[in-house]
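Dropping run_21.cif in here (mmCIF, C-alpha atoms):
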```
data_run
#
loop_
_atom_site.label_atom_id
_atom_site.label_comp_id
_atom_site.auth_asym_id
_atom_site.auth_seq_id
_atom_site.Cartn_x
_atom_site.Cartn_y
_atom_site.Cartn_z
CA MET A 21 18.63 1.17 10.03
CA LEU A 22 17.99 4.82 10.90
CA PHE A 23 20.51 6.11 8.37
CA PHE A 24 18.85 4.24 5.50
CA THR A 25 15.36 5.11 6.73
CA PHE A 26 16.16 8.82 6.53
CA ILE A 27 18.00 8.47 3.22
CA GLN A 28 15.06 6.57 1.71
CA ILE A 29 12.60 9.26 2.79
CA VAL A 30 14.31 11.54 0.28
CA ILE A 31 15.80 9.49 -2.57
CA PRO A 32 12.54 8.16 -4.11
CA LEU A 33 11.07 11.68 -4.06
CA ILE A 34 13.87 13.37 -6.01
CA PRO A 35 12.83 12.17 -9.52
CA ARG A 36 9.28 13.36 -8.84
CA TYR A 37 10.56 16.66 -7.47
CA VAL A 38 12.57 17.20 -10.67
CA VAL A 39 9.59 16.23 -12.88
CA VAL A 40 7.60 19.10 -11.34
CA MET A 41 10.24 21.46 -12.79
CA ASN A 42 9.35 20.25 -16.35
CA ILE A 43 12.87 19.02 -17.06
CA SER A 44 13.64 16.55 -19.90
CA PRO A 45 14.14 12.82 -19.11
CA PHE A 46 17.86 12.99 -19.90
CA ILE A 47 18.43 15.89 -17.47
CA ILE A 48 16.39 14.02 -14.85
CA GLY A 49 18.70 11.05 -15.30
CA LEU A 50 21.75 13.31 -15.07
CA ALA A 51 20.52 14.94 -11.86
CA ILE A 52 19.80 11.55 -10.26
CA SER A 53 23.16 10.14 -11.35
CA THR A 54 25.27 13.01 -10.02
CA MET A 55 25.40 11.42 -6.56
CA SER A 56 27.22 8.42 -7.97
CA ILE A 57 30.00 10.48 -9.56
CA THR A 58 31.30 11.64 -6.20
CA ALA A 59 30.57 8.25 -4.65
CA ILE A 60 32.81 6.50 -7.18
CA ILE A 61 35.65 8.92 -6.45
CA VAL A 62 35.28 8.96 -2.66
CA ARG A 63 34.50 5.32 -1.80
CA PRO A 64 38.06 3.92 -2.08
CA VAL A 65 39.35 6.77 0.09
CA GLY A 66 36.59 6.12 2.61
CA GLY A 67 37.39 2.41 2.63
CA ILE A 68 41.09 3.03 3.28
CA LEU A 69 40.30 5.52 6.07
CA SER A 70 37.94 2.96 7.56
CA ASP A 71 40.78 0.41 7.70
CA LYS A 72 43.52 2.82 8.78
CA TRP A 73 41.65 5.28 11.03
CA SER A 74 38.15 4.63 12.40
CA ARG A 75 34.97 3.10 11.00
CA LYS A 76 32.94 4.92 13.66
CA ASN A 77 34.32 8.38 12.89
CA ILE A 78 33.76 7.87 9.17
CA MET A 79 30.09 7.06 9.79
CA ILE A 80 29.63 10.17 11.95
CA ILE A 81 31.09 12.38 9.21
CA SER A 82 28.74 10.69 6.73
CA VAL A 83 25.66 11.56 8.78
CA ILE A 84 26.69 15.22 9.03
CA LEU A 85 27.27 15.47 5.27
CA ALA A 86 23.91 13.85 4.49
CA SER A 87 22.18 16.37 6.73
CA ILE A 88 23.90 19.26 4.92
CA ALA A 89 22.92 17.79 1.54
CA TYR A 90 19.24 17.71 2.43
CA ILE A 91 19.28 21.26 3.79
CA ILE A 92 20.57 22.38 0.39
CA LEU A 93 17.99 20.22 -1.38
CA SER A 94 15.17 21.73 0.68
CA LEU A 95 16.24 25.23 -0.41
CA SER A 96 16.70 24.33 -4.07
CA LYS A 97 14.84 26.21 -6.81
CA ASP A 98 16.67 24.85 -9.86
CA VAL A 99 18.36 21.70 -11.13
CA GLU A 100 21.87 23.11 -10.50
CA THR A 101 21.20 23.30 -6.75
CA ILE A 102 19.76 19.79 -6.78
CA ILE A 103 22.97 18.54 -8.42
CA ILE A 104 25.08 20.21 -5.70
CA SER A 105 22.98 18.48 -3.06
CA ARG A 106 23.36 15.14 -4.82
CA ILE A 107 27.15 15.55 -4.94
CA ILE A 108 27.33 16.02 -1.15
CA GLU A 109 24.83 13.18 -0.61
CA GLY A 110 27.07 10.97 -2.75
CA VAL A 111 30.07 11.66 -0.51
CA ALA A 112 28.00 10.86 2.59
CA ILE A 113 26.71 7.52 1.34
CA ALA A 114 30.11 6.64 -0.17
CA LEU A 115 31.74 7.00 3.25
CA PHE A 116 29.01 5.37 5.33
CA VAL A 117 28.35 2.07 3.56
CA PRO A 118 31.88 0.50 3.42
CA SER A 119 32.46 1.23 7.11
CA SER A 120 29.06 -0.23 7.94
CA ILE A 121 29.70 -3.45 6.00
CA ALA A 122 33.24 -3.83 7.36
CA SER A 123 31.95 -3.38 10.91
CA ALA A 124 29.42 -6.16 10.41
CA ILE A 125 32.17 -8.49 9.18
CA ASP A 126 34.46 -7.48 12.08
CA TYR A 127 31.95 -8.76 14.62
CA ALA A 128 30.74 -11.84 12.69
CA PRO A 129 31.47 -15.23 14.30
CA GLN A 130 33.76 -17.55 12.35
CA GLY A 131 31.92 -19.16 9.44
CA ARG A 132 28.83 -16.97 9.89
CA ILE A 133 29.76 -13.87 7.91
CA GLY A 134 26.86 -14.42 5.51
CA GLU A 135 24.43 -14.62 8.42
CA ALA A 136 25.86 -11.42 9.94
CA LEU A 137 25.52 -9.63 6.61
CA GLY A 138 22.00 -11.01 6.38
CA TRP A 139 21.11 -9.42 9.71
CA ARG A 140 22.68 -6.15 8.57
CA SER A 141 20.68 -6.35 5.35
CA LEU A 142 17.57 -6.96 7.42
CA THR A 143 18.02 -3.68 9.29
CA ILE A 144 18.62 -1.89 5.98
CA GLY A 145 15.47 -3.54 4.65
CA VAL A 146 13.55 -2.06 7.57
CA GLY A 147 14.91 1.34 6.58
CA PHE A 148 13.99 0.79 2.93
CA SER A 149 10.44 -0.18 3.91
CA LEU A 150 9.85 2.64 6.39
CA GLY A 151 11.61 5.42 4.49
CA PRO A 152 9.74 5.50 1.15
CA SER A 153 6.27 5.10 2.65
CA LEU A 154 7.04 7.74 5.30
CA GLY A 155 8.51 10.01 2.64
CA GLY A 156 5.47 9.59 0.39
CA PHE A 157 3.14 10.48 3.25
CA MET A 158 5.24 13.47 4.31
CA ALA A 159 5.45 14.80 0.75
CA GLU A 160 1.68 14.52 0.32
CA VAL A 161 1.04 16.44 3.56
CA LEU A 162 4.01 18.82 3.84
CA GLY A 163 5.36 19.16 0.30
CA TYR A 164 8.78 18.21 -1.03
CA ASN A 165 10.88 21.03 0.41
CA ASN A 166 9.57 20.70 3.96
CA THR A 167 10.08 16.92 3.81
CA PHE A 168 13.71 17.41 2.81
CA MET A 169 14.31 19.93 5.61
CA ILE A 170 12.72 17.75 8.31
CA THR A 171 14.84 14.78 7.18
CA SER A 172 18.00 16.91 7.43
CA LEU A 173 17.10 17.69 11.05
CA LEU A 174 16.38 14.04 11.89
CA LEU A 175 19.71 12.70 10.60
CA PRO A 176 21.95 14.05 13.43
CA SER A 177 19.94 11.98 15.94
CA ILE A 178 21.96 8.97 14.73
CA ILE A 179 25.29 10.38 15.92
CA PRO A 180 24.90 9.57 19.67
CA ILE A 181 24.04 5.96 18.76
CA ILE A 182 27.18 5.62 16.64
CA ILE A 183 29.32 7.15 19.39
CA SER A 184 27.97 4.62 21.91
CA CYS A 185 29.13 1.63 19.82
CA LYS A 186 32.36 -0.16 20.64
CA GLU A 187 34.79 -0.35 17.74
CA CYS A 188 36.96 -3.39 16.97
CA PRO A 189 40.71 -2.66 17.13
CA HIS A 190 42.21 -2.33 13.65
CA GLN A 191 44.66 -4.93 12.41
CA GLN A 192 47.90 -3.77 10.87
CA THR A 193 48.59 -4.68 7.26
CA PRO A 194 51.09 -7.57 7.15
CA LYS A 195 54.39 -6.52 5.55
CA SER A 196 54.31 -9.52 3.23
CA SER A 197 50.72 -8.83 2.18
CA ASN A 198 49.49 -6.75 -0.74
CA TYR A 199 46.88 -4.22 0.41
CA LEU A 200 45.05 -4.73 -2.89
CA MET A 201 44.84 -8.48 -2.44
CA GLY A 202 41.39 -9.84 -3.14
CA LEU A 203 40.56 -7.56 -6.06
CA LYS A 204 41.49 -10.21 -8.65
CA GLU A 205 39.72 -13.12 -6.97
CA GLN A 206 37.02 -14.71 -9.16
CA HIS A 207 34.35 -14.59 -6.45
CA PHE A 208 34.96 -10.87 -5.85
CA LEU A 209 34.98 -9.94 -9.54
CA LEU A 210 31.78 -11.88 -10.26
CA ALA A 211 29.99 -10.25 -7.33
CA LEU A 212 31.21 -6.81 -8.45
CA ILE A 213 30.21 -7.25 -12.10
CA THR A 214 26.75 -8.61 -11.30
CA LEU A 215 26.21 -5.75 -8.84
CA ILE A 216 27.05 -3.20 -11.54
CA ILE A 217 24.58 -4.75 -13.97
CA TYR A 218 21.85 -5.19 -11.34
CA SER A 219 22.15 -1.62 -10.05
CA THR A 220 22.23 -0.17 -13.58
CA ALA A 221 19.00 -1.95 -14.45
CA TRP A 222 17.29 -1.24 -11.11
CA MET A 223 18.22 2.44 -10.78
CA GLY A 224 17.31 3.18 -14.39
CA LEU A 225 14.02 1.35 -13.97
CA LEU A 226 13.16 2.91 -10.60
CA THR A 227 13.98 6.46 -11.73
CA PHE A 228 11.67 6.41 -14.71
CA LEU A 229 9.01 4.17 -13.20
CA SER A 230 8.66 6.90 -10.56
CA ALA A 231 8.53 9.60 -13.24
CA TYR A 232 6.11 7.52 -15.38
CA LEU A 233 3.68 7.08 -12.49
CA LYS A 234 3.80 10.83 -11.90
CA ILE A 235 2.93 11.44 -15.55
CA GLU A 236 0.07 8.93 -15.25
CA ASN A 237 -1.28 10.96 -12.31
CA TYR A 238 -0.38 8.52 -9.54
CA GLY A 239 0.54 10.18 -6.25
CA ASP A 240 3.73 10.03 -4.21
CA LEU A 241 2.17 7.42 -1.95
CA GLU A 242 1.90 4.86 -4.79
CA ILE A 243 5.63 4.84 -5.58
CA GLY A 244 6.34 4.83 -1.85
CA MET A 245 4.13 1.75 -1.48
CA PHE A 246 5.88 0.04 -4.41
CA ILE A 247 9.27 0.46 -2.74
CA ALA A 248 7.95 -0.34 0.74
CA ILE A 249 6.34 -3.65 -0.31
CA GLN A 250 9.55 -5.03 -1.79
CA ALA A 251 11.51 -3.87 1.23
CA ILE A 252 9.12 -5.50 3.71
CA VAL A 253 9.13 -8.79 1.79
CA SER A 254 12.92 -8.80 1.54
CA ILE A 255 13.24 -8.37 5.32
CA ILE A 256 11.68 -11.79 5.90
CA ILE A 257 14.23 -13.49 3.65
CA ARG A 258 17.55 -11.76 4.28
CA VAL A 259 18.78 -13.66 7.34
CA PHE A 260 17.85 -17.02 5.83
CA ALA A 261 19.58 -16.02 2.58
CA GLY A 262 22.65 -14.96 4.56
CA ARG A 263 22.85 -18.37 6.25
CA LEU A 264 22.43 -20.14 2.92
CA SER A 265 25.11 -17.98 1.30
CA ASP A 266 27.60 -19.08 3.98
CA ILE A 267 27.25 -22.54 2.42
CA ARG A 268 26.43 -21.80 -1.24
CA PRO A 269 27.36 -18.17 -2.08
CA TYR A 270 27.50 -18.69 -5.86
CA LEU A 271 24.21 -20.52 -6.10
CA THR A 272 22.36 -18.21 -3.71
CA THR A 273 23.50 -15.13 -5.65
CA THR A 274 22.35 -16.72 -8.92
CA ILE A 275 18.91 -17.57 -7.53
CA GLY A 276 18.46 -14.01 -6.26
CA LEU A 277 19.36 -12.50 -9.65
CA PHE A 278 16.98 -14.83 -11.48
CA ILE A 279 14.03 -13.86 -9.28
CA ILE A 280 14.87 -10.17 -9.73
CA SER A 281 14.81 -10.61 -13.52
CA ILE A 282 11.33 -12.14 -13.24
CA SER A 283 10.17 -9.16 -11.16
CA PHE A 284 11.49 -6.75 -13.82
CA PHE A 285 9.48 -8.59 -16.47
CA ALA A 286 6.45 -8.21 -14.20
CA ILE A 287 7.08 -4.44 -13.95
CA TYR A 288 7.17 -4.24 -17.75
CA ILE A 289 3.88 -6.15 -18.02
CA PHE A 290 1.89 -4.46 -15.24
CA GLU A 291 3.37 -0.92 -15.23
CA VAL A 292 0.85 0.68 -12.87
CA PRO A 293 -0.80 -0.13 -9.51
CA PRO A 294 -2.42 -2.21 -8.17
CA LEU A 295 -0.97 -5.07 -10.30
CA LEU A 296 2.43 -3.36 -10.15
CA TYR A 297 2.56 -4.35 -6.48
CA ILE A 298 2.80 -8.01 -7.55
CA ALA A 299 6.09 -7.15 -9.26
CA SER A 300 7.19 -5.39 -6.09
CA LEU A 301 6.51 -8.52 -4.04
CA ILE A 302 8.54 -10.71 -6.41
CA PHE A 303 11.35 -8.17 -6.43
CA GLY A 304 11.40 -8.20 -2.62
CA ILE A 305 11.99 -11.95 -2.64
CA GLY A 306 14.77 -11.64 -5.21
CA VAL A 307 16.61 -8.73 -3.63
CA GLY A 308 16.24 -10.27 -0.16
CA ILE A 309 18.21 -13.26 -1.43
CA TYR A 310 20.61 -11.43 -3.75
CA ILE A 311 21.97 -8.64 -1.51
CA PRO A 312 23.36 -10.70 1.42
CA ALA A 313 24.44 -13.48 -0.94
CA SER A 314 26.35 -11.12 -3.23
CA GLN A 315 28.02 -9.39 -0.27
CA THR A 316 29.04 -12.77 1.14
CA LEU A 317 30.36 -13.92 -2.23
CA ALA A 318 32.46 -10.76 -2.52
CA LEU A 319 33.66 -10.19 1.05
CA ALA A 320 33.47 -13.35 3.17
CA LYS A 321 37.11 -14.17 2.41
CA ALA A 322 38.35 -10.57 2.68
CA PRO A 323 41.44 -10.18 4.93
CA ALA A 324 40.74 -8.27 8.14
CA HIS A 325 43.24 -5.49 7.34
CA ASN A 326 41.51 -4.38 4.11
CA ARG A 327 37.85 -5.21 4.59
CA GLY A 328 36.89 -1.56 4.42
CA PHE A 329 38.79 -1.05 1.17
CA LEU A 330 37.34 -4.16 -0.52
CA SER A 331 33.88 -3.23 0.73
CA SER A 332 34.29 0.22 -0.83
CA ILE A 333 35.33 -1.22 -4.20
CA TYR A 334 32.44 -3.68 -4.11
CA ILE A 335 29.90 -0.94 -3.31
CA MET A 336 31.39 1.12 -6.16
CA GLY A 337 29.57 -1.37 -8.38
CA MET A 338 26.33 0.11 -7.05
CA ASP A 339 27.65 3.62 -7.67
CA ILE A 340 28.51 2.80 -11.27
CA GLY A 341 25.04 1.39 -11.81
CA ASN A 342 23.38 4.34 -10.06
CA LEU A 343 25.35 6.68 -12.29
CA SER A 344 24.86 4.92 -15.61
CA GLY A 345 21.33 3.55 -15.14
CA PRO A 346 19.34 6.83 -15.11
CA ILE A 347 21.48 8.35 -17.89
CA ILE A 348 21.21 5.26 -20.14
CA PHE A 349 17.49 4.82 -19.54
CA GLY A 350 16.86 8.55 -19.96
CA ALA A 351 18.70 8.53 -23.32
CA ILE A 352 16.73 5.46 -24.45
CA ILE A 353 13.41 7.06 -23.52
CA GLU A 354 14.30 10.20 -25.47
CA ARG A 355 15.55 8.18 -28.45
CA PHE A 356 12.43 5.99 -28.76
CA ASN A 357 10.01 8.43 -27.11
CA SER A 358 8.76 5.53 -25.00
CA TYR A 359 9.07 4.49 -21.36
CA HIS A 360 8.00 0.95 -22.29
CA VAL A 361 11.12 0.23 -24.36
CA ALA A 362 13.35 1.17 -21.42
CA PHE A 363 11.27 -0.95 -19.04
CA LEU A 364 11.90 -4.02 -21.24
CA ILE A 365 15.70 -3.60 -21.25
CA ALA A 366 16.04 -4.12 -17.49
CA PRO A 367 14.70 -7.72 -17.29
CA ILE A 368 16.55 -8.86 -20.41
CA LEU A 369 19.83 -7.48 -19.04
CA LEU A 370 19.34 -9.25 -15.70
CA LEU A 371 18.36 -12.56 -17.30
CA ILE A 372 21.51 -12.62 -19.46
CA THR A 373 23.63 -11.85 -16.37
CA THR A 374 21.92 -14.67 -14.45
CA LEU A 375 22.67 -17.20 -17.18
CA ILE A 376 26.35 -16.20 -17.21
CA LEU A 377 26.64 -16.44 -13.42
CA LEU A 378 24.87 -19.81 -13.48
CA GLN A 379 27.79 -21.32 -15.39
CA TYR A 380 30.20 -20.30 -12.62
CA SER A 381 27.77 -21.55 -9.98
CA ILE A 382 27.69 -24.99 -11.59
CA LYS A 383 31.49 -25.10 -11.85
CA ASN A 384 31.86 -24.09 -8.21
CA GLU A 385 29.35 -26.73 -7.06
CA ILE A 386 31.33 -29.36 -8.99
CA LYS A 387 34.56 -28.23 -7.28
CA VAL A 388 32.91 -28.40 -3.86
CA CYS A 389 31.60 -31.90 -4.51
CA VAL A 390 35.00 -33.09 -5.75
CA PHE A 391 36.74 -31.58 -2.71
CA LYS A 392 34.32 -33.27 -0.31
CA HIS A 393 34.75 -36.59 -2.12
CA GLN A 394 38.53 -36.34 -1.87
CA LYS A 395 38.32 -35.62 1.86
#
```

Please express what this file holds, its structure, as structure tokens.
Amino acid sequence: MLFFTFIQIVIPLIPRYVVVMNISPFIIGLAISTMSITAIIVRPVGGILSDKWSRKNIMIISVILASIAYIILSLSKDVETIIISRIIEGVAIALFVPSSIASAIDYAPQGRIGEALGWRSLTIGVGFSLGPSLGGFMAEVLGYNNTFMITSLLLPSIIPIIISCKECPHQQTPKSSNYLMGLKEQHFLLALITLIIYSTAWMGLLTFLSAYLKIENYGDLEIGMFIAIQAIVSIIIRVFAGRLSDIRPYLTTTIGLFIISISFFAIYIFEVPPLLYIASLIFGIGVGIYIPASQTLALAKAPAHNRGFLSSIYIMGMDIGNLSGPIIFGAIIERFNSYHVAFLIAPILLLITTLILLQYSIKNEIKVCVFKHQK
């Protein structure tokens, strides 16, 4: 919770910080996406180290790297320095998340992995609700650079908490087992593909919605409120969605994606506060259902000896989206000279993805019913 709170103080502010430098939309997208380049490269390595070495040690290293990244960001005067900071931040997040997910699965009771991931998502939701609103307030009062520096000093406070946690003993990889097993499973591939599409649409939309509101003379607090509202709403739903995904992972994931697509249409229609906050509320419902359901769909059946690795590959879907979304949306905005065209692409993309996943959900429900009937 604390890690994502501190991370979310900074991340929503970076597009606005870059806008102040009068940089073109494409370069803004490139600067935002840099983090994902290193994340894509590092995540599999971090997942393997999590399985082979120590989930706890990996998370400690992640916190230290994030702190260093924000010190650099606080001292930045040009886009090149911002990109360096984003590269280090990408390594930090790439290492932290797979170990965090794998740890949650390690301690989950039998048959309640979805619920455990729901609780984990709830704590992240708390971080996503506190971080942006706190960051918006700090930036208004202290300025961007001071906010980044203070966050870098707060991050190391997490380390003693991580050290105090007991770590599950690692299981050795069975000799007859393929370490890459699980990558070709239908449920894993569907969860991965939908995550890539969702994160591409969301990160592209969020990056330039933040920049658009800045251009329209809305303050940092407004974008912080937009992110905080959806995070608060999603908190209420995540545990329930996790429990439901233990029973119906395909269907729960599909429902979450569909609601997110509706929220993206609402963003396109409303564009600015206060009506924009309605879209944020709908998005909170959708993401509160989708995140734990998608994680359960991908990882509930993951073997104990490679949970970290499979978690890292799954989260790479988010990295790919975070990388491609801002660049694609930035290029579209420059091509059509319009933010509105880019805002319309996100909901259409998500709706098409939902309809495709719905077919697999129906097939899976039929298989479940047939299996129960045979028993």

Atom pair atom CA of Leu330 of chain A + atom CA of Cys185 of chain A, distance 22.7 Å

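Of the residues listed (A:Arg258, A:Lys76, A:His360, A:Lys234), A:Arg258 shows the shortest atom-to-atom separation from Tyr310 of chain A; distances use all atoms listed in the file.
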
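Closest approach to Ile213 of chain A among A:Tyr127, A:Tyr334, A:Phe228, A:Phe116 is made by A:Tyr334 (distances from all atoms listed in the file).
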
Excluding Glu100 of chain A and its own-chain neighbours fewer than 4 positions away, which residues fall within 12 Å of it when counting all atoms listed in the file? Please give them as an NGL selection string. :A and (38 or 41 or 43 or 47-48 or 50-52 or 54 or 92-93 or 95-96 or 104-107)

Within-8 Å shell of (20.6, 1.5, 9.3) in input frame, all atoms listed in the file, as a VMD selection string: chain A and resid 21 to 25 140 143 to 144 147

Run through the PyMOL selection byres ((chain A and resi 114) around 8) on the given coordinates and return the selected residues as a count of residues only. 15

As a check of understanding, name the residues that the PyMOL selection byres ((chain A and resi 75) around 12) selects in the supplied structure, as an MDAnalysis selection string. chainID A and resid 66:74 76:82 115:124 126 182:183 185:190 327:329

Hey, what's within 12 Å of Tyr270 of chain A if we count all atoms listed in the file and toss same-chain stuff fewer than 5 positions away? As an MDAnalysis selection string, please? chainID A and resid 206:208 210:211 214 261 264:265 275:277 309:310 312:318 374 376:388

Selection in question (the file shown): the PyMOL selection byres ((chain A and resi 151) around 7). Which residues does it include, as a ChimeraX atom specification? /A:25-26,28-29,147-150,152-155

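The nearest approach to Ile267 of chain A among the residues A:Glu135, A:Glu205, A:Glu109, A:Asp240, with all atoms listed in the file taken into account, belongs to A:Glu135.
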
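Nearest to Arg132 of chain A of all the residues A:Thr274, A:Ser331, A:Phe260, A:Glu291 is A:Phe260, based on all atoms listed in the file.
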
Contacts of Gly337 of chain A at 6 Å or less, counting only C-alpha atoms, minus same-chain residues fewer than 3 places along, as a tab-separated table (two decimals) with C-alpha atoms, in the frame of the given file?
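Ended up saving to selection-v9.tsv:
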```tsv
chain	number	residue	atom	x	y	z
A	212	LEU	CA	31.21	-6.81	-8.45
A	215	LEU	CA	26.21	-5.75	-8.84
A	216	ILE	CA	27.05	-3.20	-11.54
A	334	TYR	CA	32.44	-3.68	-4.11
A	340	ILE	CA	28.51	2.80	-11.27
```

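Minimum distance to Ser230 of chain A across A:His325, A:Arg355, A:Lys97, A:Arg36 (counting only C-alpha atoms) occurs at A:Arg36.
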
Between A:Ile282, A:Ile333, A:Leu271, A:Ala89, which has the minimum distance to Thr101 of chain A (counting only C-alpha atoms)? A:Ala89

Distance of atom CA of Ile287 of chain A from atom CA of Phe363 of chain A, expressed in Å to one decimal place: 7.5 Å

Would you kindly return, as a list in words, each protein, DNA or RNA residue with an atom no farther than 6 Å from any atom of segment 162-168 of chain A, considering only C-alpha atoms and excluding same-chain residues fewer than 4 positions away? Tyr90, Ser94 and Met158 of chain A

Could you name the residues that touch segment 364-373 of chain A at 10 Å or less, counting all atoms listed in the file, but leaving out those on the same chain fewer than 2 positions away, as JSON, numbers by chain? {"A": [213, 214, 217, 218, 219, 220, 221, 222, 223, 224, 225, 274, 277, 278, 279, 280, 281, 282, 283, 284, 285, 286, 287, 288, 289, 345, 349, 352, 359, 360, 361, 362, 375, 376, 377, 378]}

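Between atom CA of Ser56 of chain A and atom CA of Ile311 of chain A the separation is 19.0 Å.
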